[in-house]
>>> print(open('input.csv').read())   # CSV, C-alpha atoms
chain,number,residue,atom,x,y,z
A,1,MET,CA,124.9,-95.1,42.3
A,2,LYS,CA,124.4,-93.7,38.8
A,3,TYR,CA,123.2,-97.1,37.6
A,4,TYR,CA,119.8,-96.2,39.1
A,5,PRO,CA,117.8,-93.3,37.7
A,6,SER,CA,117.0,-90.5,40.1
A,7,SER,CA,113.4,-91.4,40.7
A,8,ILE,CA,114.4,-94.9,41.9
A,9,LEU,CA,117.2,-93.5,44.1
A,10,ASN,CA,114.6,-91.1,45.5
A,11,ALA,CA,112.2,-93.9,46.4
A,12,ILE,CA,115.0,-95.9,47.9
A,13,LYS,CA,116.1,-92.9,50.0
A,14,ASN,CA,112.6,-92.2,51.2
A,15,ILE,CA,111.7,-95.8,52.0
A,16,SER,CA,115.0,-96.4,53.9
A,17,ARG,CA,114.1,-93.5,56.2
A,18,LEU,CA,111.4,-95.6,57.8
A,19,PRO,CA,112.5,-97.2,61.1
A,20,GLY,CA,114.1,-100.7,60.8
A,21,ILE,CA,114.4,-100.5,57.0
A,22,GLY,CA,117.9,-100.3,55.6
A,23,GLU,CA,119.1,-99.5,52.2
A,24,LYS,CA,119.1,-103.1,51.0
A,25,THR,CA,115.5,-103.6,52.1
A,26,ALA,CA,114.5,-100.3,50.6
A,27,GLU,CA,116.0,-101.3,47.3
A,28,ARG,CA,114.1,-104.6,47.4
A,29,LEU,CA,110.8,-102.9,48.2
A,30,THR,CA,111.4,-100.3,45.4
A,31,MET,CA,111.9,-103.1,42.9
A,32,HIS,CA,108.8,-104.8,44.1
A,33,ILE,CA,106.7,-101.6,43.7
A,34,LEU,CA,108.2,-101.2,40.2
A,35,ARG,CA,107.0,-104.6,39.2
A,36,ALA,CA,103.7,-104.4,41.0
A,37,PRO,CA,100.5,-103.2,39.3
A,38,LYS,CA,100.1,-99.4,39.1
A,39,GLU,CA,96.9,-99.6,41.3
A,40,GLU,CA,98.8,-101.2,44.1
A,41,ALA,CA,101.4,-98.4,44.2
A,42,GLU,CA,98.6,-95.8,44.0
A,43,GLN,CA,96.8,-97.4,46.9
A,44,LEU,CA,99.9,-97.6,49.0
A,45,ALA,CA,100.8,-93.9,48.3
A,46,GLY,CA,97.2,-92.8,48.8
A,47,SER,CA,96.9,-94.5,52.2
A,48,ILE,CA,100.1,-92.9,53.3
A,49,LEU,CA,98.8,-89.5,52.4
A,50,GLU,CA,95.5,-90.3,54.0
A,51,LEU,CA,97.2,-90.9,57.3
A,52,LYS,CA,98.3,-87.3,57.3
A,53,THR,CA,95.0,-85.8,56.0
A,54,LYS,CA,92.3,-87.9,57.7
A,55,VAL,CA,93.6,-89.1,61.0
A,56,ARG,CA,93.0,-86.8,63.9
A,57,LEU,CA,92.3,-87.2,67.6
A,58,CYS,CA,88.9,-88.1,69.0
A,59,SER,CA,87.4,-85.0,70.6
A,60,LYS,CA,86.3,-87.0,73.7
A,61,CYS,CA,89.1,-89.5,74.5
A,62,PHE,CA,91.9,-88.3,72.2
A,63,ALA,CA,92.4,-91.6,70.5
A,64,LEU,CA,93.4,-91.7,66.8
A,65,SER,CA,90.2,-91.3,64.8
A,66,ASP,CA,88.9,-90.6,61.3
A,67,SER,CA,85.9,-88.7,62.5
A,68,GLU,CA,85.1,-86.3,65.4
A,69,LYS,CA,84.5,-89.2,67.8
A,70,CYS,CA,86.4,-92.5,67.7
A,71,GLY,CA,84.8,-95.9,67.2
A,72,ILE,CA,85.1,-96.7,70.9
A,73,CYS,CA,83.5,-93.4,72.1
A,74,MET,CA,80.6,-94.0,69.8
A,75,ASP,CA,80.0,-97.6,70.9
A,76,PRO,CA,76.7,-97.8,72.9
A,77,ALA,CA,77.6,-101.2,74.2
A,78,ARG,CA,80.4,-100.0,76.4
A,79,ASP,CA,80.2,-99.4,80.1
A,80,SER,CA,80.1,-95.6,80.6
A,81,SER,CA,80.8,-95.9,84.3
A,82,LEU,CA,84.3,-97.1,83.7
A,83,LEU,CA,87.2,-94.9,82.5
A,84,CYS,CA,90.8,-96.1,81.7
A,85,ILE,CA,93.5,-93.5,81.6
A,86,VAL,CA,96.5,-94.3,79.3
A,87,GLU,CA,99.5,-92.4,78.0
A,88,GLN,CA,99.4,-93.0,74.3
A,89,PRO,CA,96.9,-94.3,71.6
A,90,ALA,CA,99.1,-97.4,71.2
A,91,ASP,CA,98.5,-98.2,74.9
A,92,MET,CA,94.8,-98.1,74.3
A,93,VAL,CA,95.2,-100.5,71.4
A,94,SER,CA,97.2,-102.9,73.5
A,95,ILE,CA,94.5,-103.0,76.2
A,96,GLU,CA,91.8,-103.4,73.6
A,97,LYS,CA,93.6,-106.3,72.1
A,98,SER,CA,93.8,-108.0,75.5
A,99,GLY,CA,90.0,-107.8,75.6
A,100,SER,CA,90.1,-107.0,79.3
A,101,PHE,CA,88.3,-103.7,79.5
A,102,ASN,CA,84.9,-102.7,78.4
A,103,GLY,CA,84.7,-99.0,79.4
A,104,PHE,CA,85.9,-95.8,77.8
A,105,TYR,CA,89.4,-94.4,77.6
A,106,HIS,CA,91.1,-91.1,78.2
A,107,ILE,CA,94.4,-90.7,76.4
A,108,LEU,CA,96.7,-88.2,78.1
A,109,GLY,CA,99.1,-87.8,75.1
A,110,GLY,CA,102.1,-88.0,77.3
A,111,VAL,CA,103.3,-88.1,80.9
A,112,LEU,CA,104.3,-85.4,83.4
A,113,SER,CA,108.0,-84.9,82.9
A,114,PRO,CA,109.6,-81.9,84.6
A,115,MET,CA,112.9,-82.8,83.0
A,116,ASN,CA,111.3,-82.2,79.6
A,117,ASN,CA,109.2,-79.3,80.7
A,118,ILE,CA,106.0,-81.2,80.4
A,119,GLY,CA,103.6,-80.1,83.1
A,120,PRO,CA,99.9,-80.7,84.0
A,121,ASN,CA,98.8,-78.3,81.3
A,122,ASP,CA,100.7,-80.1,78.5
A,123,ILE,CA,98.8,-83.4,78.8
A,124,LYS,CA,95.0,-83.8,78.6
A,125,LEU,CA,94.3,-83.3,82.4
A,126,ARG,CA,91.9,-80.4,82.1
A,127,GLU,CA,89.8,-82.5,79.6
A,128,LEU,CA,89.8,-85.3,82.2
A,129,THR,CA,88.4,-83.0,84.8
A,130,THR,CA,85.7,-81.9,82.4
A,131,ARG,CA,84.8,-85.5,81.8
A,132,MET,CA,84.7,-86.3,85.5
A,133,GLU,CA,82.4,-83.4,86.2
A,134,GLN,CA,79.7,-85.1,84.1
A,135,LYS,CA,79.4,-87.5,87.0
A,136,GLU,CA,78.8,-90.5,84.8
A,137,ILE,CA,82.1,-92.3,85.7
A,138,LYS,CA,82.2,-94.5,88.8
A,139,GLU,CA,85.6,-96.1,88.5
A,140,VAL,CA,88.8,-94.7,87.0
A,141,VAL,CA,91.6,-97.2,86.1
A,142,ILE,CA,95.0,-95.5,85.8
A,143,ALA,CA,97.0,-97.4,83.3
A,144,THR,CA,100.0,-95.2,82.6
A,145,SER,CA,103.2,-97.1,82.2
A,146,THR,CA,105.3,-98.3,85.2
A,147,SER,CA,108.2,-96.0,84.4
A,148,VAL,CA,109.2,-93.4,86.9
A,149,GLU,CA,107.4,-90.7,85.0
A,150,GLY,CA,104.3,-93.0,84.4
A,151,GLU,CA,104.1,-93.8,88.2
A,152,ALA,CA,104.5,-90.1,89.1
A,153,THR,CA,101.7,-89.2,86.6
A,154,ALA,CA,99.5,-91.9,88.1
A,155,SER,CA,100.0,-90.5,91.6
A,156,PHE,CA,99.3,-87.0,90.5
A,157,ILE,CA,96.1,-88.0,88.7
A,158,ALA,CA,95.0,-90.1,91.7
A,159,GLY,CA,95.4,-87.0,93.9
A,160,ARG,CA,93.4,-84.8,91.5
A,161,LEU,CA,90.6,-87.3,91.4
A,162,ASN,CA,90.2,-87.2,95.2
A,163,LYS,CA,87.6,-84.5,95.0
A,164,PHE,CA,85.3,-86.7,92.8
A,165,SER,CA,83.6,-89.5,94.6
A,166,VAL,CA,84.9,-92.2,92.3
A,167,LYS,CA,86.9,-95.4,92.9
A,168,VAL,CA,90.4,-94.9,91.6
A,169,SER,CA,92.5,-98.0,90.8
A,170,ARG,CA,95.9,-98.7,89.2
A,171,ILE,CA,96.6,-101.6,87.0
A,172,ALA,CA,98.6,-104.3,88.8
A,173,SER,CA,102.3,-104.6,88.1
A,174,GLY,CA,104.3,-107.7,89.0
A,175,VAL,CA,105.8,-110.8,87.4
A,176,PRO,CA,104.7,-111.2,83.7
A,177,MET,CA,102.6,-114.2,82.9
A,178,GLY,CA,104.7,-117.2,81.8
A,179,GLY,CA,107.7,-115.4,83.4
A,180,ASP,CA,110.5,-117.2,85.2
A,181,LEU,CA,111.1,-115.7,88.6
A,182,LYS,CA,114.9,-115.8,88.2
A,183,TYR,CA,114.7,-113.6,85.1
A,184,VAL,CA,112.5,-110.9,86.7
A,185,ASP,CA,114.2,-107.7,87.8
A,186,GLN,CA,114.4,-106.9,91.5
A,187,VAL,CA,112.2,-103.8,91.4
A,188,THR,CA,109.4,-105.7,89.7
A,189,LEU,CA,109.7,-108.6,92.2
A,190,LYS,CA,109.7,-106.2,95.1
A,191,ARG,CA,106.5,-104.6,93.7
A,192,ALA,CA,104.9,-108.0,93.1
A,193,MET,CA,105.7,-109.0,96.7
A,194,GLU,CA,104.3,-105.7,98.2
A,195,THR,CA,101.1,-105.8,96.2
A,196,ARG,CA,100.5,-109.6,96.8
A,197,HIS,CA,96.8,-110.5,97.1
A,198,GLU,CA,94.8,-113.3,98.7
A,199,PHE,CA,94.5,-116.4,96.7
B,1,MET,CA,90.3,-104.3,64.9
B,2,LYS,CA,87.8,-101.5,65.5
B,3,TYR,CA,90.2,-99.7,67.8
B,4,TYR,CA,91.9,-98.3,64.7
B,5,PRO,CA,90.1,-95.9,62.4
B,6,SER,CA,89.7,-97.2,58.8
B,7,SER,CA,92.4,-94.9,57.3
B,8,ILE,CA,95.0,-96.5,59.7
B,9,LEU,CA,93.7,-100.0,59.0
B,10,ASN,CA,94.0,-99.2,55.2
B,11,ALA,CA,97.6,-98.0,55.5
B,12,ILE,CA,98.5,-101.1,57.6
B,13,LYS,CA,96.9,-103.4,55.0
B,14,ASN,CA,98.6,-101.7,52.1
B,15,ILE,CA,102.1,-101.6,53.7
B,16,SER,CA,101.8,-105.2,54.9
B,17,ARG,CA,101.3,-106.2,51.2
B,18,LEU,CA,105.0,-105.4,50.6
B,19,PRO,CA,107.3,-108.4,50.5
B,20,GLY,CA,108.8,-109.3,53.9
B,21,ILE,CA,106.7,-106.9,55.8
B,22,GLY,CA,104.1,-108.5,58.2
B,23,GLU,CA,101.2,-106.9,59.9
B,24,LYS,CA,103.2,-106.1,63.1
B,25,THR,CA,105.9,-104.2,61.1
B,26,ALA,CA,103.3,-102.5,59.0
B,27,GLU,CA,101.6,-101.3,62.2
B,28,ARG,CA,104.9,-100.0,63.5
B,29,LEU,CA,105.6,-98.2,60.2
B,30,THR,CA,102.2,-96.7,60.1
B,31,MET,CA,102.6,-95.3,63.6
B,32,HIS,CA,106.0,-93.9,62.5
B,33,ILE,CA,104.4,-92.1,59.5
B,34,LEU,CA,101.6,-90.8,61.7
B,35,ARG,CA,104.2,-89.2,64.0
B,36,ALA,CA,106.5,-88.0,61.2
B,37,PRO,CA,106.3,-84.6,59.7
B,38,LYS,CA,103.8,-84.2,56.9
B,39,GLU,CA,106.5,-83.5,54.3
B,40,GLU,CA,108.2,-86.8,55.0
B,41,ALA,CA,104.9,-88.7,54.3
B,42,GLU,CA,104.3,-86.6,51.2
B,43,GLN,CA,107.8,-87.3,49.9
B,44,LEU,CA,107.4,-91.0,50.6
B,45,ALA,CA,104.1,-91.2,48.8
B,46,GLY,CA,105.3,-89.0,46.0
B,47,SER,CA,108.3,-91.0,45.3
B,48,ILE,CA,106.2,-94.2,45.2
B,49,LEU,CA,103.9,-92.7,42.6
B,50,GLU,CA,106.9,-91.4,40.7
B,51,LEU,CA,108.2,-94.9,40.3
B,52,LYS,CA,105.1,-95.7,38.4
B,53,THR,CA,104.9,-92.6,36.3
B,54,LYS,CA,108.5,-91.7,35.6
B,55,VAL,CA,110.5,-95.0,35.4
B,56,ARG,CA,110.6,-96.6,31.9
B,57,LEU,CA,113.1,-98.7,30.0
B,58,CYS,CA,116.1,-97.1,28.2
B,59,SER,CA,115.5,-97.2,24.5
B,60,LYS,CA,118.9,-98.5,23.8
B,61,CYS,CA,119.8,-101.0,26.5
B,62,PHE,CA,116.4,-101.5,28.2
B,63,ALA,CA,117.7,-100.7,31.7
B,64,LEU,CA,115.5,-98.8,34.1
B,65,SER,CA,115.6,-95.1,33.3
B,66,ASP,CA,114.0,-91.8,33.9
B,67,SER,CA,114.7,-90.5,30.4
B,68,GLU,CA,114.8,-91.9,26.9
B,69,LYS,CA,118.3,-93.1,27.4
B,70,CYS,CA,119.8,-94.3,30.7
B,71,GLY,CA,122.8,-92.8,32.5
B,72,ILE,CA,125.1,-95.6,31.3
B,73,CYS,CA,124.1,-95.4,27.7
B,74,MET,CA,124.7,-91.6,27.8
B,75,ASP,CA,128.1,-91.9,29.5
B,76,PRO,CA,130.8,-90.9,26.9
B,77,ALA,CA,133.6,-92.4,29.1
B,78,ARG,CA,132.5,-96.0,28.5
B,79,ASP,CA,134.1,-98.4,26.1
B,80,SER,CA,131.7,-98.7,23.2
B,81,SER,CA,133.4,-101.8,21.9
B,82,LEU,CA,132.3,-103.9,24.8
B,83,LEU,CA,128.7,-105.2,25.4
B,84,CYS,CA,127.4,-107.2,28.3
B,85,ILE,CA,124.2,-109.1,27.9
B,86,VAL,CA,122.2,-109.7,31.1
B,87,GLU,CA,118.7,-110.9,31.9
B,88,GLN,CA,117.3,-108.2,34.2
B,89,PRO,CA,118.0,-104.6,35.2
B,90,ALA,CA,119.0,-105.9,38.7
B,91,ASP,CA,121.8,-108.0,37.1
B,92,MET,CA,123.2,-104.9,35.5
B,93,VAL,CA,123.2,-103.1,38.8
B,94,SER,CA,125.1,-106.0,40.4
B,95,ILE,CA,127.8,-105.9,37.8
B,96,GLU,CA,128.0,-102.1,38.0
B,97,LYS,CA,128.4,-102.4,41.8
B,98,SER,CA,131.3,-104.9,41.3
B,99,GLY,CA,133.0,-102.2,39.2
B,100,SER,CA,134.3,-104.9,36.9
B,101,PHE,CA,132.9,-103.8,33.6
B,102,ASN,CA,133.2,-100.5,31.7
B,103,GLY,CA,131.3,-101.2,28.5
B,104,PHE,CA,127.6,-100.9,27.6
B,105,TYR,CA,124.8,-103.3,28.5
B,106,HIS,CA,121.9,-105.0,26.8
B,107,ILE,CA,119.1,-106.2,29.0
B,108,LEU,CA,117.1,-109.0,27.6
B,109,GLY,CA,114.2,-108.7,30.0
B,110,GLY,CA,114.0,-112.4,30.6
B,111,VAL,CA,115.4,-115.8,29.4
B,112,LEU,CA,114.2,-118.2,26.8
B,113,SER,CA,111.8,-120.6,28.5
B,114,PRO,CA,109.8,-122.9,26.2
B,115,MET,CA,108.0,-124.2,29.3
B,116,ASN,CA,106.6,-120.7,29.9
B,117,ASN,CA,106.1,-120.0,26.2
B,118,ILE,CA,108.9,-117.4,26.1
B,119,GLY,CA,110.6,-117.6,22.8
B,120,PRO,CA,113.3,-115.6,21.0
B,121,ASN,CA,110.7,-112.9,20.0
B,122,ASP,CA,109.7,-112.3,23.7
B,123,ILE,CA,113.1,-111.1,24.8
B,124,LYS,CA,115.1,-108.3,23.3
B,125,LEU,CA,117.0,-110.3,20.8
B,126,ARG,CA,115.9,-108.4,17.7
B,127,GLU,CA,117.1,-105.2,19.3
B,128,LEU,CA,120.4,-107.0,20.1
B,129,THR,CA,120.8,-107.8,16.4
B,130,THR,CA,120.1,-104.2,15.5
B,131,ARG,CA,122.8,-103.0,17.9
B,132,MET,CA,125.3,-105.6,16.5
B,133,GLU,CA,124.7,-104.4,13.0
B,134,GLN,CA,126.1,-101.0,13.8
B,135,LYS,CA,129.5,-102.8,13.9
B,136,GLU,CA,130.9,-100.8,16.8
B,137,ILE,CA,130.9,-103.7,19.2
B,138,LYS,CA,134.1,-105.9,19.3
B,139,GLU,CA,133.4,-108.2,22.3
B,140,VAL,CA,130.1,-109.5,23.7
B,141,VAL,CA,130.1,-110.8,27.3
B,142,ILE,CA,127.1,-113.1,27.9
B,143,ALA,CA,126.2,-112.7,31.6
B,144,THR,CA,122.9,-114.5,31.8
B,145,SER,CA,122.4,-116.5,35.0
B,146,THR,CA,123.8,-120.0,35.4
B,147,SER,CA,120.4,-121.6,35.7
B,148,VAL,CA,119.4,-124.1,33.0
B,149,GLU,CA,117.4,-121.5,31.2
B,150,GLY,CA,120.1,-118.9,31.5
B,151,GLU,CA,122.7,-121.3,30.1
B,152,ALA,CA,120.4,-122.3,27.2
B,153,THR,CA,119.8,-118.6,26.4
B,154,ALA,CA,123.5,-118.0,26.5
B,155,SER,CA,124.2,-120.8,24.0
B,156,PHE,CA,121.3,-119.6,21.8
B,157,ILE,CA,122.7,-116.0,21.7
B,158,ALA,CA,126.3,-117.2,21.1
B,159,GLY,CA,124.9,-119.1,18.1
B,160,ARG,CA,123.2,-116.0,16.8
B,161,LEU,CA,126.3,-113.9,17.2
B,162,ASN,CA,128.3,-116.3,15.0
B,163,LYS,CA,127.5,-114.3,11.9
B,164,PHE,CA,129.1,-111.1,13.3
B,165,SER,CA,132.8,-111.0,13.6
B,166,VAL,CA,133.0,-110.4,17.3
B,167,LYS,CA,134.5,-112.1,20.2
B,168,VAL,CA,131.8,-113.8,22.3
B,169,SER,CA,132.6,-114.7,25.9
B,170,ARG,CA,130.7,-116.0,28.9
B,171,ILE,CA,131.2,-114.9,32.5
B,172,ALA,CA,133.1,-117.6,34.4
B,173,SER,CA,131.3,-119.8,36.8
B,174,GLY,CA,132.9,-121.8,39.6
B,175,VAL,CA,133.6,-121.7,43.3
B,176,PRO,CA,132.5,-118.4,44.8
B,177,MET,CA,135.3,-116.3,46.4
B,178,GLY,CA,135.8,-117.0,50.1
B,179,GLY,CA,133.9,-120.2,49.5
B,180,ASP,CA,134.8,-123.4,51.3
B,181,LEU,CA,135.1,-126.3,48.8
B,182,LYS,CA,133.2,-128.7,51.0
B,183,TYR,CA,130.1,-126.5,50.9
B,184,VAL,CA,130.1,-126.0,47.1
B,185,ASP,CA,127.6,-128.1,45.2
B,186,GLN,CA,128.8,-130.8,42.8
B,187,VAL,CA,127.6,-129.2,39.6
B,188,THR,CA,129.5,-126.0,40.4
B,189,LEU,CA,132.6,-127.9,41.4
B,190,LYS,CA,132.5,-129.9,38.1
B,191,ARG,CA,132.2,-126.7,36.1
B,192,ALA,CA,135.0,-125.1,38.0
B,193,MET,CA,137.2,-128.1,37.3
B,194,GLU,CA,136.3,-128.2,33.6
B,195,THR,CA,136.9,-124.5,33.1
B,196,ARG,CA,140.2,-124.4,35.1
B,197,HIS,CA,142.7,-122.0,33.8
B,198,GLU,CA,146.5,-121.6,33.9
B,199,PHE,CA,147.9,-120.0,37.1
>>> encode(input="input.csv", output="structure tokens")
Amino acid sequence: MKYYPSSILNAIKNISRLPGIGEKTAERLTMHILRAPKEEAEQLAGSILELKTKVRLCSKCFALSDSEKCGICMDPARDSSLLCIVEQPADMVSIEKSGSFNGFYHILGGVLSPMNNIGPNDIKLRELTTRMEQKEIKEVVIATSTSVEGEATASFIAGRLNKFSVKVSRIASGVPMGGDLKYVDQVTLKRAMETRHEF
Amino acid sequence: MKYYPSSILNAIKNISRLPGIGEKTAERLTMHILRAPKEEAEQLAGSILELKTKVRLCSKCFALSDSEKCGICMDPARDSSLLCIVEQPADMVSIEKSGSFNGFYHILGGVLSPMNNIGPNDIKLRELTTRMEQKEIKEVVIATSTSVEGEATASFIAGRLNKFSVKVSRIASGVPMGGDLKYVDQVTLKRAMETRHEF
């Protein structure tokens, strides 16, 4: 590829390292940046660097944040008696987008996984206990994923929360909305049947 | 979107400005960069900035280059009696990838377009004349695109090259290789018939 100078080859190589972007797309993006105004390229590069320098975890809920506490933890309009436990920041974002929850979050930063040597001390469980001890929380919704490890983590946390007098719930799992029963897997259908509720 | 801190929102906004990348993809790429090692993000940002600071046009053929002359112009193994005229640097790259040409290039940086007020002085025609006057070139291949403007530019250049005693040729146009005749447009087919050659 000596028909491109090394700085262009470099940009193509670095851009094509991003997930889902192949060499052809990287070439097209590089050409776009070459033609675009200098400010646009600088803004793009600057915001990529900023991701690495500015973003950290909220000291209270461990969500992604620019400052010591995240926007949600600093929101006075939220219900401080409700706490939702999720695995990853992205899970919190999904729940926020659904607009179905108005309490605070606690992001574990992973799930218990003995196979990968991830035990109770490797996820934010101690910090959860500290929050619970403040006795402000009345209900904890455990919203870890419905994978084997997510389910096990949920059970583990529910056990730990026994000593606090709070209501502990688990998000429902079952047939997705708009889903056709014949395409739903058997495990999901079994769970949907077991956790059926009154109409 | 207050569930993301502003530096993340900024990165998503800037990445989604790239062509063919929507907000969802930009979000996914941002999350990837957040998780990736710091060096990777720095290399990516650095190479984007380098595109703007380092890349310039080759002083001889006007291809994209890191240095005063591009890699092709500095290649002693190339046939200096052959010159190929193209519209854009990307056209040169396409011809290079095909491996069908071993001479030098001259990149016009555009086509004549009276509608857009682009005349002979707005593309690198004067520079072409200067190169022709050095009398090293024996054959000029005009490889502008086969659009109306590309064709007109080709005719114009062919006329200008009359005064130099060089062979002037035009890349063939016709049915693309592997093409099915019934899907080829009529103008292309007409041209293919007119410029038929002996078997």
>>> interface_residues(input="input.csv", of="chain B", to="chain A", cutoff="8 Å", atoms="all atoms listed in the file", output="PDB file with C-alpha atoms, in the frame of the given file")
ATOM      1  CA  LYS B   2      87.800-101.500  65.500  1.00  0.00           C
ATOM      2  CA  TYR B   3      90.200 -99.700  67.800  1.00  0.00           C
ATOM      3  CA  TYR B   4      91.900 -98.300  64.700  1.00  0.00           C
ATOM      4  CA  PRO B   5      90.100 -95.900  62.400  1.00  0.00           C
ATOM      5  CA  SER B   6      89.700 -97.200  58.800  1.00  0.00           C
ATOM      6  CA  SER B   7      92.400 -94.900  57.300  1.00  0.00           C
ATOM      7  CA  ILE B   8      95.000 -96.500  59.700  1.00  0.00           C
ATOM      8  CA  ASN B  10      94.000 -99.200  55.200  1.00  0.00           C
ATOM      9  CA  ALA B  11      97.600 -98.000  55.500  1.00  0.00           C
ATOM     10  CA  ASN B  14      98.600-101.700  52.100  1.00  0.00           C
ATOM     11  CA  ILE B  15     102.100-101.600  53.700  1.00  0.00           C
ATOM     12  CA  LEU B  18     105.000-105.400  50.600  1.00  0.00           C
ATOM     13  CA  PRO B  19     107.300-108.400  50.500  1.00  0.00           C
ATOM     14  CA  LEU B  29     105.600 -98.200  60.200  1.00  0.00           C
ATOM     15  CA  HIS B  32     106.000 -93.900  62.500  1.00  0.00           C
ATOM     16  CA  ILE B  33     104.400 -92.100  59.500  1.00  0.00           C
ATOM     17  CA  LEU B  34     101.600 -90.800  61.700  1.00  0.00           C
ATOM     18  CA  LYS B  38     103.800 -84.200  56.900  1.00  0.00           C
ATOM     19  CA  GLU B  40     108.200 -86.800  55.000  1.00  0.00           C
ATOM     20  CA  ALA B  41     104.900 -88.700  54.300  1.00  0.00           C
ATOM     21  CA  GLU B  42     104.300 -86.600  51.200  1.00  0.00           C
ATOM     22  CA  GLN B  43     107.800 -87.300  49.900  1.00  0.00           C
ATOM     23  CA  LEU B  44     107.400 -91.000  50.600  1.00  0.00           C
ATOM     24  CA  ALA B  45     104.100 -91.200  48.800  1.00  0.00           C
ATOM     25  CA  GLY B  46     105.300 -89.000  46.000  1.00  0.00           C
ATOM     26  CA  SER B  47     108.300 -91.000  45.300  1.00  0.00           C
ATOM     27  CA  ILE B  48     106.200 -94.200  45.200  1.00  0.00           C
ATOM     28  CA  LEU B  49     103.900 -92.700  42.600  1.00  0.00           C
ATOM     29  CA  GLU B  50     106.900 -91.400  40.700  1.00  0.00           C
ATOM     30  CA  LEU B  51     108.200 -94.900  40.300  1.00  0.00           C
ATOM     31  CA  LYS B  52     105.100 -95.700  38.400  1.00  0.00           C
ATOM     32  CA  LYS B  54     108.500 -91.700  35.600  1.00  0.00           C
ATOM     33  CA  VAL B  55     110.500 -95.000  35.400  1.00  0.00           C
ATOM     34  CA  LEU B  64     115.500 -98.800  34.100  1.00  0.00           C
ATOM     35  CA  SER B  65     115.600 -95.100  33.300  1.00  0.00           C
ATOM     36  CA  ASP B  66     114.000 -91.800  33.900  1.00  0.00           C
ATOM     37  CA  CYS B  70     119.800 -94.300  30.700  1.00  0.00           C
ATOM     38  CA  GLY B  71     122.800 -92.800  32.500  1.00  0.00           C
ATOM     39  CA  ILE B  72     125.100 -95.600  31.300  1.00  0.00           C
ATOM     40  CA  VAL B  93     123.200-103.100  38.800  1.00  0.00           C
ATOM     41  CA  GLU B  96     128.000-102.100  38.000  1.00  0.00           C
TER      42      GLU B  96
END
>>> calpha_fit_rmsd(input="input.csv", fixed="chain A", moving="chain B")
0.1 Å
>>> residues_around(input="input.csv", residues="Ile142 in chain B", least_positions_apart="4", cutoff="12 Å", atoms="only C-alpha atoms", output="JSON, numbers by chain")
{"B": [82, 83, 84, 85, 86, 87, 91, 92, 105, 106, 107, 108, 128, 146, 150, 151, 152, 153, 154, 155, 156, 157, 158, 159, 161, 167, 168, 169, 170, 171, 172, 173]}
>>> atom_distance(input="input.csv", atom1="CA of Val184 in chain B", atom2="CA of Gly110 in chain B")
26.8 Å
>>> atom_distance(input="input.csv", atom1="CA of Ala192 in chain B", atom2="CA of Pro176 in chain B")
9.9 Å
>>> atom_distance(input="input.csv", atom1="CA of Leu57 in chain A", atom2="CA of Cys73 in chain A")
11.7 Å
>>> closest_residue(input="input.csv", among="A:Ser165, A:Gly99, A:Glu127, A:Gln88", to="Ala143 in chain A", atoms="all atoms listed in the file")
A:Gln88
>>> closest_residue(input="input.csv", among="B:Arg78, B:Arg191, B:Lys138, B:Lys124", to="Lys60 in chain B", atoms="only C-alpha atoms")
B:Lys124
